[in-house]
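*Asks:* One structure follows; several queries about it will come next.
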Amino acid sequence: MKKFTFLCLAVLFANISFVFSQNTMTEKQIRRQAAKVDTVYTVQERANIELWFNDRVNEMNLSKEKREAYDTIVYSHIFEMSRLNDKDKNYTIDEIHTKFDAIVDNMNSELKVLLTNDQYINHLENFGQIVRSVYHKYGWED
């Protein structure tokens, strides 16, 4: 009987610890999630933009190495842009605008070194459409 009671208690404690371990987010992840605000685009809009942009980049006929470097530069800067409106940043809309433009300028200067002149012009035209879209969403003037 003692073995049965012990076994039942062991199963109960195992279940309790399993239930409490279901929250797998760290404290840092919880704070980051609380600070995150809605993005400028819906999930579908982002998917459409990414598909469109990927098609334009494919038209640039970059080598595999250049494409990897290009994607690394562009997507790291896009990540920076996406974090500008986080609640914990506490930026005003004007500060977001200024910082957004600085990130775009920084990205473009990094890409100018990587790309040929024609590829760079193509990038400026393609990413320029995304920039104009963000400006439109925020109500900024060109």
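Chain lettering (A, B, ...) mirrors the order of the structure tokens, residue numbering begins at 1 for each chain separately, and ligand numbering begins at 1 in order of display.
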Please list as a PDB file with C-alpha atoms, in the first residue's frame every residue within 9 Å of range 60-63 of chain A, counting only C-alpha atoms and excluding residues in the same chain fewer than 3 positions away.

*Replies:*
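Here's the written file selection.pdb:
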```pdb
ATOM      1  CA  ARG A  56      13.301  41.595 -57.897  1.00  0.00           C
ATOM      2  CA  VAL A  57      16.516  40.449 -56.211  1.00  0.00           C
ATOM      3  CA  LYS A  66      26.891  37.835 -53.313  1.00  0.00           C
ATOM      4  CA  ARG A  67      23.290  36.801 -52.735  1.00  0.00           C
ATOM      5  CA  GLU A  68      24.111  35.470 -49.285  1.00  0.00           C
ATOM      6  CA  TYR A  70      23.172  40.781 -49.860  1.00  0.00           C
ATOM      7  CA  LEU A 115      27.139  45.353 -55.800  1.00  0.00           C
ATOM      8  CA  ASP A 118      23.753  48.309 -62.270  1.00  0.00           C
ATOM      9  CA  GLN A 119      22.906  45.969 -59.382  1.00  0.00           C
ATOM     10  CA  ASN A 122      18.366  48.007 -59.243  1.00  0.00           C
ATOM     11  CA  HIS A 123      18.506  47.630 -55.449  1.00  0.00           C
TER      12      HIS A 123
END
```

*Asks:* Fewer than 6 positions away in the same chain doesn't count, so skip those; otherwise give me all residues within 10 Å of Asp101 in chain A, counting only C-alpha atoms, as a list in words.

*Replies:*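 Here the qualifying residues turn out to be Met81, Glu95, Met107 and Val131 of chain A.
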
*Asks:* Write out as a PyMOL selection string the residues lying within 12 Å of Phe79 in chain A, counting only C-alpha atoms and excluding same-chain residues fewer than 5 positions away.

*Replies:* chain A and resi 39+71-74+84-86+100+103-104+107

*Asks:* For the residues selected in the previous step, produce a file with N, CA, C and O atoms as a PDB file, in the first residue's frame.

*Replies:*
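Result file is again-v7.pdb:
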```pdb
ATOM      1  N   THR A  39       3.156  45.507 -35.938  1.00  0.00           N
ATOM      2  CA  THR A  39       4.015  45.932 -37.025  1.00  0.00           C
ATOM      3  C   THR A  39       3.233  46.809 -37.988  1.00  0.00           C
ATOM      4  O   THR A  39       2.012  46.915 -37.921  1.00  0.00           O
ATOM      5  N   ASP A  71      21.585  39.275 -48.804  1.00  0.00           N
ATOM      6  CA  ASP A  71      20.484  38.935 -47.897  1.00  0.00           C
ATOM      7  C   ASP A  71      20.841  39.213 -46.441  1.00  0.00           C
ATOM      8  O   ASP A  71      20.018  39.716 -45.677  1.00  0.00           O
ATOM      9  N   THR A  72      22.070  38.902 -46.070  1.00  0.00           N
ATOM     10  CA  THR A  72      22.503  39.151 -44.690  1.00  0.00           C
ATOM     11  C   THR A  72      22.424  40.631 -44.354  1.00  0.00           C
ATOM     12  O   THR A  72      21.894  41.020 -43.308  1.00  0.00           O
ATOM     13  N   ILE A  73      22.928  41.455 -45.253  1.00  0.00           N
ATOM     14  CA  ILE A  73      22.918  42.904 -45.024  1.00  0.00           C
ATOM     15  C   ILE A  73      21.487  43.428 -44.981  1.00  0.00           C
ATOM     16  O   ILE A  73      21.086  44.130 -44.045  1.00  0.00           O
ATOM     17  N   VAL A  74      20.702  43.081 -45.985  1.00  0.00           N
ATOM     18  CA  VAL A  74      19.337  43.618 -46.086  1.00  0.00           C
ATOM     19  C   VAL A  74      18.481  43.165 -44.905  1.00  0.00           C
ATOM     20  O   VAL A  74      17.833  43.980 -44.245  1.00  0.00           O
ATOM     21  N   LEU A  84      12.074  49.452 -34.399  1.00  0.00           N
ATOM     22  CA  LEU A  84      12.034  50.883 -34.086  1.00  0.00           C
ATOM     23  C   LEU A  84      10.777  51.299 -33.324  1.00  0.00           C
ATOM     24  O   LEU A  84      10.817  52.237 -32.535  1.00  0.00           O
ATOM     25  N   ASN A  85       9.662  50.621 -33.556  1.00  0.00           N
ATOM     26  CA  ASN A  85       8.420  51.040 -32.889  1.00  0.00           C
ATOM     27  C   ASN A  85       8.110  50.214 -31.652  1.00  0.00           C
ATOM     28  O   ASN A  85       6.984  50.228 -31.164  1.00  0.00           O
ATOM     29  N   ASP A  86       9.102  49.524 -31.105  1.00  0.00           N
ATOM     30  CA  ASP A  86       8.898  48.796 -29.852  1.00  0.00           C
ATOM     31  C   ASP A  86       8.567  49.782 -28.730  1.00  0.00           C
ATOM     32  O   ASP A  86       9.131  50.883 -28.670  1.00  0.00           O
ATOM     33  N   PHE A 100      14.845  55.386 -39.028  1.00  0.00           N
ATOM     34  CA  PHE A 100      14.540  54.566 -40.199  1.00  0.00           C
ATOM     35  C   PHE A 100      15.388  55.004 -41.390  1.00  0.00           C
ATOM     36  O   PHE A 100      16.025  54.179 -42.048  1.00  0.00           O
ATOM     37  N   ILE A 103      18.999  53.980 -40.961  1.00  0.00           N
ATOM     38  CA  ILE A 103      19.211  52.544 -41.202  1.00  0.00           C
ATOM     39  C   ILE A 103      19.239  52.266 -42.701  1.00  0.00           C
ATOM     40  O   ILE A 103      20.088  51.512 -43.191  1.00  0.00           O
ATOM     41  N   VAL A 104      18.317  52.876 -43.448  1.00  0.00           N
ATOM     42  CA  VAL A 104      18.287  52.687 -44.902  1.00  0.00           C
ATOM     43  C   VAL A 104      19.590  53.201 -45.519  1.00  0.00           C
ATOM     44  O   VAL A 104      20.195  52.531 -46.360  1.00  0.00           O
ATOM     45  N   MET A 107      22.400  50.771 -44.706  1.00  0.00           N
ATOM     46  CA  MET A 107      22.260  49.559 -45.517  1.00  0.00           C
ATOM     47  C   MET A 107      22.727  49.829 -46.948  1.00  0.00           C
ATOM     48  O   MET A 107      23.501  49.054 -47.520  1.00  0.00           O
TER      49      MET A 107
END
```

*Asks:* Could you give me, as a CSV table (one decimal) with N, CA and C atoms, in the first residue's frame, the residues within 9 Å of Val40 in chain A, counting only C-alpha atoms and dropping anything in the same chain fewer than 6 positions from it?

*Replies:*
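Result file out02.csv:
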```csv
chain,number,residue,atom,x,y,z
A,82,SER,N,12.4,46.9,-38.0
A,82,SER,CA,11.2,46.4,-37.4
A,82,SER,C,11.1,46.6,-35.9
A,134,VAL,N,6.5,52.3,-46.7
A,134,VAL,CA,6.6,52.5,-45.2
A,134,VAL,C,6.3,54.0,-45.0
A,137,LYS,N,2.6,54.3,-45.1
A,137,LYS,CA,1.9,53.7,-44.0
A,137,LYS,C,2.0,54.6,-42.8
A,138,TYR,N,3.1,55.3,-42.6
A,138,TYR,CA,3.3,56.2,-41.4
A,138,TYR,C,2.8,57.6,-41.7
```

*Asks:* Identify which of the residues A:Phe53, A:Lys89, A:Ser133, A:Trp140 lies closest to Tyr41 in chain A, counting only C-alpha atoms when measuring atom-to-atom distances.

*Replies:* A:Ser133
